[in-house]
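Peer 1: Structure supplied as final.cif; contents: mmCIF, C-alpha atoms.
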data_query
#
loop_
_atom_site.group_PDB
_atom_site.id
_atom_site.type_symbol
_atom_site.label_atom_id
_atom_site.label_comp_id
_atom_site.auth_asym_id
_atom_site.auth_seq_id
_atom_site.Cartn_x
_atom_site.Cartn_y
_atom_site.Cartn_z
ATOM 1 C CA MET A 1 96.823 80.291 96.194
ATOM 2 C CA ARG A 2 98.040 80.196 99.785
ATOM 3 C CA PRO A 3 95.827 81.496 102.585
ATOM 4 C CA ASP A 4 97.967 84.660 102.636
ATOM 5 C CA GLY A 5 97.048 85.307 98.993
ATOM 6 C CA THR A 6 100.450 84.452 97.506
ATOM 7 C CA ALA A 7 100.796 81.842 94.805
ATOM 8 C CA ARG A 8 101.926 78.318 95.636
ATOM 9 C CA ALA A 9 105.155 77.269 93.967
ATOM 10 C CA GLY A 10 104.306 76.313 90.403
ATOM 11 C CA PHE A 11 100.736 77.571 90.718
ATOM 12 C CA PRO A 12 100.615 81.254 89.684
ATOM 13 C CA PRO A 13 97.447 83.209 90.371
ATOM 14 C CA SER A 14 95.075 83.388 87.431
ATOM 15 C CA SER A 15 93.717 86.506 85.766
ATOM 16 C CA ALA A 16 90.338 84.830 86.302
ATOM 17 C CA CYS A 17 90.433 85.678 90.023
ATOM 18 C CA VAL A 18 87.237 87.520 90.929
ATOM 19 C CA ALA A 19 86.520 89.183 94.254
ATOM 20 C CA ILE A 20 83.354 88.307 96.164
ATOM 21 C CA ASP A 21 81.186 91.304 95.340
ATOM 22 C CA ALA A 22 77.515 91.703 96.235
ATOM 23 C CA SER A 23 76.334 90.137 92.987
ATOM 24 C CA LEU A 24 78.461 87.012 93.366
ATOM 25 C CA LEU A 25 77.586 86.677 97.063
ATOM 26 C CA ASP A 26 73.894 86.861 96.130
ATOM 27 C CA LEU A 27 74.375 84.079 93.574
ATOM 28 C CA LEU A 28 76.265 81.813 95.959
ATOM 29 C CA SER A 29 73.852 82.460 98.830
ATOM 30 C CA ALA A 30 70.868 81.578 96.648
ATOM 31 C CA SER A 31 72.216 78.018 96.423
ATOM 32 C CA TRP A 32 73.801 77.785 99.897
ATOM 33 C CA ALA A 33 72.134 80.200 102.310
ATOM 34 C CA ARG A 34 74.817 79.655 104.954
ATOM 35 C CA LEU A 35 77.448 81.267 102.715
ATOM 36 C CA ARG A 36 75.867 84.681 103.358
ATOM 37 C CA THR A 37 77.321 84.649 106.869
ATOM 38 C CA ALA A 38 79.995 81.944 106.536
ATOM 39 C CA ILE A 39 82.110 83.845 103.979
ATOM 40 C CA PRO A 40 82.601 86.955 106.147
ATOM 41 C CA GLU A 41 82.911 84.854 109.325
ATOM 42 C CA SER A 42 85.653 82.655 107.870
ATOM 43 C CA ALA A 43 87.471 85.763 106.614
ATOM 44 C CA ARG A 44 87.399 87.143 110.178
ATOM 45 C CA LEU A 45 89.068 83.908 111.281
ATOM 46 C CA GLY A 46 91.868 84.179 108.723
ATOM 47 C CA ALA A 47 90.341 82.128 105.898
ATOM 48 C CA SER A 48 89.368 84.514 103.100
ATOM 49 C CA TRP A 49 87.244 82.962 100.357
ATOM 50 C CA ASP A 50 88.717 85.436 97.843
ATOM 51 C CA GLU A 51 92.255 84.264 98.620
ATOM 52 C CA LEU A 52 91.487 80.552 98.786
ATOM 53 C CA SER A 53 89.363 80.258 95.644
ATOM 54 C CA THR A 54 89.834 81.311 92.014
ATOM 55 C CA ALA A 55 86.378 82.203 90.689
ATOM 56 C CA PHE A 56 85.101 81.625 87.154
ATOM 57 C CA VAL A 57 81.930 83.606 86.611
ATOM 58 C CA GLU A 58 79.451 84.197 83.808
ATOM 59 C CA HIS A 59 77.525 87.451 83.997
ATOM 60 C CA VAL A 60 74.136 88.357 82.536
ATOM 61 C CA ASP A 61 73.169 92.029 82.426
ATOM 62 C CA GLY A 62 76.067 92.822 84.754
ATOM 63 C CA ALA A 63 75.041 90.352 87.458
ATOM 64 C CA ALA A 64 76.760 87.061 88.321
ATOM 65 C CA ALA A 65 74.691 84.260 86.769
ATOM 66 C CA ALA A 66 76.943 81.186 87.050
ATOM 67 C CA HIS A 67 80.017 80.318 89.125
ATOM 68 C CA ALA A 68 82.623 77.588 89.533
ATOM 69 C CA GLY A 69 85.547 77.973 91.928
ATOM 70 C CA VAL A 70 88.972 76.317 92.010
ATOM 71 C CA LEU A 71 90.983 75.991 95.192
ATOM 72 C CA TRP A 72 94.276 74.217 95.799
ATOM 73 C CA ILE A 73 94.620 71.391 98.305
ATOM 74 C CA PRO A 74 98.142 70.310 99.343
ATOM 75 C CA MET A 75 97.592 66.569 99.715
ATOM 76 C CA VAL A 76 99.406 63.311 100.341
ATOM 77 C CA LEU A 77 98.295 60.515 97.998
ATOM 78 C CA ASP A 78 99.898 57.107 98.453
ATOM 79 C CA GLY A 79 102.852 58.742 100.194
ATOM 80 C CA ARG A 80 103.412 61.414 97.527
ATOM 81 C CA ASP A 81 103.078 65.157 98.141
ATOM 82 C CA VAL A 82 100.805 66.546 95.411
ATOM 83 C CA GLU A 83 98.858 69.721 94.725
ATOM 84 C CA VAL A 84 95.233 68.814 93.961
ATOM 85 C CA ALA A 85 92.708 71.204 92.443
ATOM 86 C CA GLY A 86 89.281 71.254 94.052
ATOM 87 C CA ILE A 87 86.257 72.382 92.045
ATOM 88 C CA HIS A 88 83.616 73.845 94.348
ATOM 89 C CA ALA A 89 80.536 76.056 94.634
ATOM 90 C CA VAL A 90 79.244 75.285 91.136
ATOM 91 C CA CYS A 91 75.911 77.030 90.684
ATOM 92 C CA THR A 92 73.660 78.879 88.244
ATOM 93 C CA ALA A 93 71.023 81.493 88.984
ATOM 94 C CA ALA A 94 67.533 79.989 88.731
ATOM 95 C CA ALA A 95 66.504 82.399 85.989
ATOM 96 C CA HIS A 96 69.448 81.416 83.772
ATOM 97 C CA ARG A 97 69.540 77.637 84.015
ATOM 98 C CA LYS A 98 69.628 75.400 80.938
ATOM 99 C CA GLN A 99 71.462 78.079 78.969
ATOM 100 C CA GLY A 100 74.904 76.441 79.064
ATOM 101 C CA LEU A 101 76.340 78.837 81.640
ATOM 102 C CA ALA A 102 77.372 76.119 84.098
ATOM 103 C CA ARG A 103 79.123 74.238 81.315
ATOM 104 C CA ARG A 104 81.065 77.362 80.380
ATOM 105 C CA VAL A 105 82.332 78.097 83.890
ATOM 106 C CA LEU A 106 83.158 74.427 84.473
ATOM 107 C CA GLU A 107 85.116 74.192 81.232
ATOM 108 C CA ARG A 108 87.110 77.294 82.150
ATOM 109 C CA ALA A 109 87.712 76.027 85.675
ATOM 110 C CA MET A 110 88.860 72.618 84.409
ATOM 111 C CA THR A 111 91.200 74.184 81.842
ATOM 112 C CA HIS A 112 92.726 76.317 84.582
ATOM 113 C CA ALA A 113 93.109 73.349 86.933
ATOM 114 C CA LEU A 114 94.477 70.803 84.452
ATOM 115 C CA ALA A 115 97.092 73.264 83.219
ATOM 116 C CA ARG A 116 98.576 73.094 86.716
ATOM 117 C CA THR A 117 97.891 69.576 88.042
ATOM 118 C CA GLN A 118 96.851 66.093 86.934
ATOM 119 C CA THR A 119 94.319 65.575 89.731
ATOM 120 C CA VAL A 120 91.049 67.444 90.185
ATOM 121 C CA VAL A 121 88.423 66.570 92.798
ATOM 122 C CA LEU A 122 84.945 67.716 93.760
ATOM 123 C CA HIS A 123 81.997 66.650 95.899
ATOM 124 C CA ALA A 124 78.868 66.306 93.771
ATOM 125 C CA ASN A 125 75.180 66.210 94.611
ATOM 126 C CA ASP A 126 74.457 65.064 91.044
ATOM 127 C CA PRO A 127 77.355 62.839 89.920
ATOM 128 C CA ALA A 128 75.911 62.314 86.440
ATOM 129 C CA ILE A 129 76.521 65.960 85.557
ATOM 130 C CA TYR A 130 80.224 65.761 86.329
ATOM 131 C CA GLY A 131 80.697 62.403 84.645
ATOM 132 C CA ARG A 132 80.401 64.325 81.378
ATOM 133 C CA PHE A 133 83.572 66.186 82.324
ATOM 134 C CA GLY A 134 85.550 63.009 82.976
ATOM 135 C CA PHE A 135 84.994 62.733 86.727
ATOM 136 C CA ARG A 136 84.622 59.285 88.301
ATOM 137 C CA ALA A 137 82.973 58.513 91.636
ATOM 138 C CA LEU A 138 85.205 57.393 94.531
ATOM 139 C CA PRO A 139 83.381 55.611 97.393
ATOM 140 C CA GLN A 140 84.541 56.699 100.848
ATOM 141 C CA THR A 141 84.924 54.649 104.017
ATOM 142 C CA VAL A 142 84.504 55.143 107.763
ATOM 143 C CA TRP A 143 86.705 53.100 110.128
ATOM 144 C CA TRP A 144 85.435 52.167 113.582
ATOM 145 C CA ARG A 145 86.296 50.108 116.644
ATOM 146 C CA ASP A 146 85.058 49.670 120.178
ATOM 147 C CA VAL A 147 87.316 51.074 122.902
ATOM 148 C CA SER A 148 87.841 51.004 126.648
ATOM 149 C CA VAL A 149 90.384 53.558 127.886
ATOM 150 C CA ALA A 150 90.873 55.128 131.311
ATOM 151 C CA ARG A 151 89.948 58.803 131.476
ATOM 152 C CA ALA A 152 92.557 61.582 131.576
ATOM 153 C CA PRO A 153 92.281 65.392 131.840
ATOM 154 C CA ALA A 154 89.860 66.441 129.128
ATOM 155 C CA MET A 155 90.691 68.335 125.987
ATOM 156 C CA ARG A 156 89.721 72.008 125.997
ATOM 157 C CA LYS A 157 87.039 73.265 123.633
ATOM 158 C CA LEU A 158 88.250 75.979 121.259
ATOM 159 C CA SER A 159 86.270 79.162 120.626
ATOM 160 C CA SER A 160 86.193 81.133 117.392
ATOM 161 C CA ASP A 161 85.486 84.229 119.527
ATOM 162 C CA ASP A 162 88.889 83.940 121.230
ATOM 163 C CA ALA A 163 91.757 85.346 119.153
ATOM 164 C CA ASN A 164 94.233 83.110 120.978
ATOM 165 C CA ASP A 165 92.199 80.009 120.086
ATOM 166 C CA VAL A 166 92.038 81.076 116.439
ATOM 167 C CA ALA A 167 95.823 81.476 116.507
ATOM 168 C CA ILE A 168 96.160 77.981 118.007
ATOM 169 C CA VAL A 169 94.274 76.475 115.050
ATOM 170 C CA HIS A 170 96.471 78.235 112.480
ATOM 171 C CA ALA A 171 99.674 77.434 114.388
ATOM 172 C CA ALA A 172 98.818 73.721 114.518
ATOM 173 C CA PHE A 173 99.284 73.551 110.740
ATOM 174 C CA ALA A 174 102.957 74.557 110.876
ATOM 175 C CA GLY A 175 104.721 71.316 109.994
ATOM 176 C CA ARG A 176 101.576 69.265 110.568
ATOM 177 C CA VAL A 177 101.636 65.489 110.245
ATOM 178 C CA PRO A 178 99.007 64.515 107.619
ATOM 179 C CA VAL A 179 96.379 62.172 109.069
ATOM 180 C CA SER A 180 97.097 59.469 106.497
ATOM 181 C CA THR A 181 99.664 58.521 103.894
ATOM 182 C CA ARG A 182 96.867 57.134 101.688
ATOM 183 C CA VAL A 183 94.811 60.334 101.477
ATOM 184 C CA GLY A 184 95.941 63.175 103.706
ATOM 185 C CA VAL A 185 96.223 66.932 103.665
ATOM 186 C CA ARG A 186 99.281 68.970 104.528
ATOM 187 C CA GLU A 187 99.310 72.654 105.543
ATOM 188 C CA ALA A 188 95.865 73.962 104.607
ATOM 189 C CA ALA A 189 94.691 76.022 107.573
ATOM 190 C CA GLY A 190 92.435 78.266 105.496
ATOM 191 C CA LEU A 191 90.481 75.381 103.993
ATOM 192 C CA PHE A 192 90.170 73.718 107.420
ATOM 193 C CA VAL A 193 88.752 76.883 109.001
ATOM 194 C CA LEU A 194 86.406 77.544 106.065
ATOM 195 C CA ASP A 195 85.027 73.998 106.167
ATOM 196 C CA GLU A 196 84.473 74.159 109.937
ATOM 197 C CA VAL A 197 82.622 77.468 109.645
ATOM 198 C CA LEU A 198 80.521 76.126 106.760
ATOM 199 C CA ALA A 199 79.622 73.003 108.734
ATOM 200 C CA CYS A 200 79.062 74.535 112.175
ATOM 201 C CA ASP A 201 79.135 78.344 111.863
ATOM 202 C CA ARG A 202 81.809 78.408 114.584
ATOM 203 C CA PHE A 203 84.472 76.097 116.071
ATOM 204 C CA ALA A 204 81.826 73.676 117.314
ATOM 205 C CA ARG A 205 83.941 70.533 116.735
ATOM 206 C CA LEU A 206 87.433 71.813 117.555
ATOM 207 C CA TRP A 207 89.360 70.843 120.694
ATOM 208 C CA VAL A 208 92.966 71.385 121.755
ATOM 209 C CA MET A 209 95.111 68.759 123.427
ATOM 210 C CA GLY A 210 98.592 70.130 124.104
ATOM 211 C CA ASP A 211 100.025 71.046 120.689
ATOM 212 C CA VAL A 212 97.368 69.130 118.748
ATOM 213 C CA VAL A 213 93.962 70.289 117.492
ATOM 214 C CA VAL A 214 91.317 67.573 117.198
ATOM 215 C CA ALA A 215 88.139 67.964 115.156
ATOM 216 C CA ALA A 216 85.589 65.605 116.697
ATOM 217 C CA ASP A 217 82.042 65.068 117.957
ATOM 218 C CA LEU A 218 81.023 62.950 120.945
ATOM 219 C CA GLU A 219 77.464 61.664 120.799
ATOM 220 C CA GLU A 220 75.991 58.760 122.748
ATOM 221 C CA ARG A 221 79.493 57.580 123.737
ATOM 222 C CA VAL A 222 80.630 57.450 120.094
ATOM 223 C CA LEU A 223 83.652 59.650 119.353
ATOM 224 C CA GLN A 224 83.675 60.700 115.693
ATOM 225 C CA ILE A 225 87.140 61.957 114.719
ATOM 226 C CA TYR A 226 87.164 64.102 111.568
ATOM 227 C CA ASP A 227 90.705 65.453 111.593
ATOM 228 C CA VAL A 228 93.813 65.724 113.760
ATOM 229 C CA VAL A 229 96.198 68.647 113.231
ATOM 230 C CA GLY A 230 99.582 69.174 114.807
ATOM 231 C CA PRO A 231 103.357 68.725 114.504
ATOM 232 C CA ARG A 232 103.157 65.277 116.140
ATOM 233 C CA TRP A 233 100.820 62.309 115.750
ATOM 234 C CA PRO A 234 99.059 61.419 119.020
ATOM 235 C CA ALA A 235 98.155 57.877 120.005
ATOM 236 C CA LEU A 236 94.493 56.998 119.580
ATOM 237 C CA ASP A 237 94.225 56.130 123.277
ATOM 238 C CA GLU A 238 95.566 59.599 124.137
ATOM 239 C CA ILE A 239 92.696 61.229 122.248
ATOM 240 C CA VAL A 240 90.083 58.858 123.656
ATOM 241 C CA ALA A 241 91.334 59.340 127.228
ATOM 242 C CA ALA A 242 91.173 63.135 126.865
ATOM 243 C CA SER A 243 87.700 63.208 125.307
ATOM 244 C CA PRO A 244 85.064 65.226 127.197
ATOM 245 C CA GLY A 245 83.036 62.190 128.261
ATOM 246 C CA ARG A 246 82.883 58.418 128.227
ATOM 247 C CA VAL A 247 83.756 56.792 124.889
ATOM 248 C CA ASP A 248 82.702 53.244 123.980
ATOM 249 C CA ARG A 249 83.334 53.456 120.237
ATOM 250 C CA VAL A 250 85.526 55.486 117.893
ATOM 251 C CA GLU A 251 84.674 56.336 114.286
ATOM 252 C CA VAL A 252 87.429 57.766 112.092
ATOM 253 C CA PHE A 253 86.661 59.678 108.886
ATOM 254 C CA PHE A 254 90.112 59.187 107.332
ATOM 255 C CA ALA A 255 92.268 56.127 106.745
ATOM 256 C CA PRO A 256 93.769 55.217 110.168
ATOM 257 C CA ASP A 257 97.068 53.875 108.824
ATOM 258 C CA ARG A 258 98.936 55.900 111.466
ATOM 259 C CA TRP A 259 97.126 53.805 114.096
ATOM 260 C CA PRO A 260 97.942 50.365 112.630
ATOM 261 C CA ALA A 261 98.016 48.476 115.942
ATOM 262 C CA HIS A 262 94.224 48.649 116.282
ATOM 263 C CA ALA A 263 91.742 46.200 114.765
ATOM 264 C CA TRP A 264 89.518 48.410 112.627
ATOM 265 C CA GLN A 265 86.181 47.555 111.051
ATOM 266 C CA THR A 266 84.773 49.495 108.111
ATOM 267 C CA ARG A 267 81.481 50.682 106.696
ATOM 268 C CA PRO A 268 80.582 52.828 103.685
ATOM 269 C CA MET A 269 80.483 56.546 104.416
ATOM 270 C CA GLN A 270 76.960 57.935 104.270
ATOM 271 C CA SER A 271 77.164 61.383 102.722
ATOM 272 C CA PRO A 272 74.756 63.727 100.915
ATOM 273 C CA ASP A 273 77.299 64.094 98.117
ATOM 274 C CA VAL A 274 79.809 61.978 96.218
ATOM 275 C CA LEU A 275 83.588 62.357 96.051
ATOM 276 C CA MET A 276 84.643 62.482 92.398
ATOM 277 C CA ALA A 277 88.025 62.849 90.719
ATOM 278 C CA VAL A 278 89.737 63.337 87.395
ATOM 279 C CA GLY A 279 93.270 61.979 87.106
ATOM 280 C CA PRO A 280 95.367 59.880 89.497
ATOM 281 C CA PHE A 281 94.199 59.443 93.074
ATOM 282 C CA SER A 282 94.993 56.946 95.822
ATOM 283 C CA SER A 283 95.256 53.297 94.785
ATOM 284 C CA ALA A 284 94.088 52.094 98.223
ATOM 285 C CA ASP A 285 90.958 49.954 98.398
ATOM 286 C CA ALA A 286 89.426 52.070 101.167
ATOM 287 C CA ILE A 287 89.816 55.873 101.261
ATOM 288 C CA ALA A 288 88.293 58.996 102.740
ATOM 289 C CA VAL A 289 89.041 62.692 102.406
ATOM 290 C CA PRO A 290 89.042 64.233 105.902
ATOM 291 C CA PRO A 291 85.799 66.250 106.220
ATOM 292 C CA LEU A 292 87.644 69.470 107.140
ATOM 293 C CA ALA A 293 89.698 69.238 103.933
ATOM 294 C CA ARG A 294 86.836 69.078 101.470
ATOM 295 C CA CYS A 295 86.571 71.340 98.466
#
Go ahead and render the structure in this file as structure tokens.
Peer 2:
Amino acid sequence: MRPDGTARAGFPPSSACVAIDASLLDLLSASWARLRTAIPESARLGASWDELSTAFVEHVDGAAAAHAGVLWIPMVLDGRDVEVAGIHAVCTAAAHRKQGLARRVLERAMTHALARTQTVVLHANDPAIYGRFGFRALPQTVWWRDVSVARAPAMRKLSSDDANDVAIVHAAFAGRVPVSTRVGVREAAGLFVLDEVLACDRFARLWVMGDVVVAADLEERVLQIYDVVGPRWPALDEIVAASPGRVDRVEVFFAPDRWPAHAWQTRPMQSPDVLMAVGPFSSADAIAVPPLARC
């Protein structure tokens, strides 16, 4: 579904859609405590969990006991525009584990997804579980290079408490240029906002530079760029020059094929979970899903 709750072309809403009621919120929060506040906060910022995710739920005695969600990610894979299904928030109540409930919700979620697309992705803490459902692990890469660029007027930090700043984030997705033609994401403002709130509670990593929103951290003179959103693609030196402090090194968490003039080095991405996929994905040797486009 689109962030406004309407169906994407070719992807009708499912009768399995379930609203986030108190029982389901309790279940989700038991596995990820931050969801208790992140779900209402992201909704306030225009990214409603109910509208982004189709929920598959098993109930026991009227209470939610197992959940698997499906959300749709408009991606670019090897230059092709595709709709990818993302499985997320798979969990079972502690009292009802080892009863087959997770398998049931996953099977229903996969049936729903594969009826509409060939490609399904997820990020797994326990890859072995999802291997049984046909998922394969996809190693991710970080690209980095040392830099020396003269400073320019700094980017402005965005605030989730400012309605105008929230509008800037959503507006940046209108006709956005995906960060990469290998693995990129098109117009997915709701997912971007939800992932930022889940990671940081607020817009802790979001900056605006003219008509472009940059998701980045600057620590010990290392600029970590997670995503770039806007109707144009800025030069790397433009971002570095506008950073809020001295930068000696840049790390990019997506394939930097739109910055081909630079000599990039690579290292494996260190992550607490593993990107996994069913069906066709990018054929590139080195890939990464931008962190603010994760399911």
Peer 1: Give the answer as one residue: which of A:Trp72, A:Phe56, A:Trp143, A:Trp233 has the shortest atom-to-atom distance to A:Cys91, using only C-alpha atoms?
Peer 2: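 Residue with the minimum atom-to-atom distance to A:Cys91: A:Phe56.
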Peer 1: What does the distance from atom CA of A:Asp146 to atom CA of A:Ala215 come to in Å, to one decimal?
Peer 2: 19.2 Å
Peer 1: When distances are computed from only C-alpha atoms, which of A:Arg132, A:His59, A:Arg151, A:Arg246 shows the smallest separation from A:Leu223?
Peer 2: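 Residue with the minimum atom-to-atom distance to A:Leu223: A:Arg246.
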Peer 1: Kindly give the distance, in Å, that separates atom CA of A:Phe192 and atom CA of A:Val84, rounded to a single decimal.
Peer 2: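 It comes out at 15.2 Å.
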Peer 1: On this file, the PyMOL selection byres ((chain A and resi 269) around 7) gives some set of residues; write that set as a short mmCIF file (atom, residue, chain, number, x, y, z; two decimals) with C-alpha atoms, in the coordinates of the input.
Peer 2:
data_model
loop_
_atom_site.label_atom_id
_atom_site.label_comp_id
_atom_site.auth_asym_id
_atom_site.auth_seq_id
_atom_site.Cartn_x
_atom_site.Cartn_y
_atom_site.Cartn_z
CA GLN A 140 84.54 56.70 100.85
CA THR A 141 84.92 54.65 104.02
CA VAL A 142 84.50 55.14 107.76
CA ARG A 267 81.48 50.68 106.70
CA PRO A 268 80.58 52.83 103.68
CA GLN A 270 76.96 57.94 104.27
CA SER A 271 77.16 61.38 102.72
#
Peer 1: Considering all atoms listed in the file, return as a CSV table (one decimal) with C-alpha atoms, in the coordinates of the input whatever protein or nucleic-acid residues lie within 9 Å of A:Ala66, sequence-local ones (same chain, fewer than 4 positions apart) excluded.
Peer 2:
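Listed below is the output, part.csv:
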chain,number,residue,atom,x,y,z
A,24,LEU,CA,78.5,87.0,93.4
A,27,LEU,CA,74.4,84.1,93.6
A,28,LEU,CA,76.3,81.8,96.0
A,56,PHE,CA,85.1,81.6,87.2
A,57,VAL,CA,81.9,83.6,86.6
A,58,GLU,CA,79.5,84.2,83.8
A,59,HIS,CA,77.5,87.5,84.0
A,60,VAL,CA,74.1,88.4,82.5
A,90,VAL,CA,79.2,75.3,91.1
A,91,CYS,CA,75.9,77.0,90.7
A,92,THR,CA,73.7,78.9,88.2
A,93,ALA,CA,71.0,81.5,89.0
A,96,HIS,CA,69.4,81.4,83.8
A,97,ARG,CA,69.5,77.6,84.0
A,101,LEU,CA,76.3,78.8,81.6
A,102,ALA,CA,77.4,76.1,84.1
A,104,ARG,CA,81.1,77.4,80.4
A,105,VAL,CA,82.3,78.1,83.9
Peer 1: Looking at A:Trp144, A:Ser243, A:Arg232, A:Phe281, which one is nearest to A:Thr266, with distances taken over only C-alpha atoms?
Peer 2: A:Trp144
Peer 1: Using Å and a single decimal, report how far atom CA of A:Ala19 sits from atom CA of A:Ala277.
Peer 2: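 Rounded to one decimal, the two atoms are 26.6 Å apart.
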Peer 1: Within 9 Å of A:Val120, counting only C-alpha atoms, which residues show up once you throw out same-chain ones fewer than 4 positions away? Write them as a list in words, please.
Peer 2: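 With the cut-off at 9 Å, the set is Val84, Ala85, Gly86, Ile87, Met110, Ala113, Leu114, Phe135, Met276, Ala277, Val278, Gly279 and Pro280 of chain A.
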Peer 1: At a cut-off of 10 Å, using all atoms listed in the file, what residues contact A:Val82? Leave out same-chain residues fewer than 6 positions from it and give the result as a list in words.
Peer 2: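 Here the answer would be Ile73, Pro74, Met75, Val76, Thr117, Gln118, Thr119, Val185, Arg186 and Phe281 of chain A.
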Peer 1: Using all atoms listed in the file, pick whichever of A:Ala172, A:Ile239, A:Ala43, A:Val147 has the shortest atom-to-atom distance to A:Ser160.
Peer 2: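 That would be A:Ala43, the residue with the smallest distance to A:Ser160.
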Peer 1: For A:Ser159, which residue out of A:Ile20, A:Val250, A:Val197, A:Ala137 is the nearest one, using only C-alpha atoms?
Peer 2: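 The shortest atom-to-atom distance to A:Ser159 comes from A:Val197.
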Peer 1: Taking the file as shown, what set of residues would the PyMOL selection byres ((chain A and resi 230) around 7) give back, as a PyMOL selection string?
Peer 2: chain A and resi 172-173+176-177+211-213+228-229+231-232
Peer 1: Keeping only C-alpha atoms, write the selected residues as a PDB file, keeping the file's coordinate frame.
Peer 2:
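Result written to result.pdb:
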ATOM      1  CA  ALA A 172      98.818  73.721 114.518  1.00  0.00           C
ATOM      2  CA  PHE A 173      99.284  73.551 110.740  1.00  0.00           C
ATOM      3  CA  ARG A 176     101.576  69.265 110.568  1.00  0.00           C
ATOM      4  CA  VAL A 177     101.636  65.489 110.245  1.00  0.00           C
ATOM      5  CA  ASP A 211     100.025  71.046 120.689  1.00  0.00           C
ATOM      6  CA  VAL A 212      97.368  69.130 118.748  1.00  0.00           C
ATOM      7  CA  VAL A 213      93.962  70.289 117.492  1.00  0.00           C
ATOM      8  CA  VAL A 228      93.813  65.724 113.760  1.00  0.00           C
ATOM      9  CA  VAL A 229      96.198  68.647 113.231  1.00  0.00           C
ATOM     10  CA  PRO A 231     103.357  68.725 114.504  1.00  0.00           C
ATOM     11  CA  ARG A 232     103.157  65.277 116.140  1.00  0.00           C
TER      12      ARG A 232
END
Peer 1: In terms of the shortest atom-to-atom distance over all atoms listed in the file, which of A:Leu218, A:Ala188, A:Met155, A:Val247 is closest to A:His170?
Peer 2: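 Of A:Leu218, A:Ala188, A:Met155, A:Val247, the one nearest A:His170 is A:Ala188, counting all atoms listed in the file.
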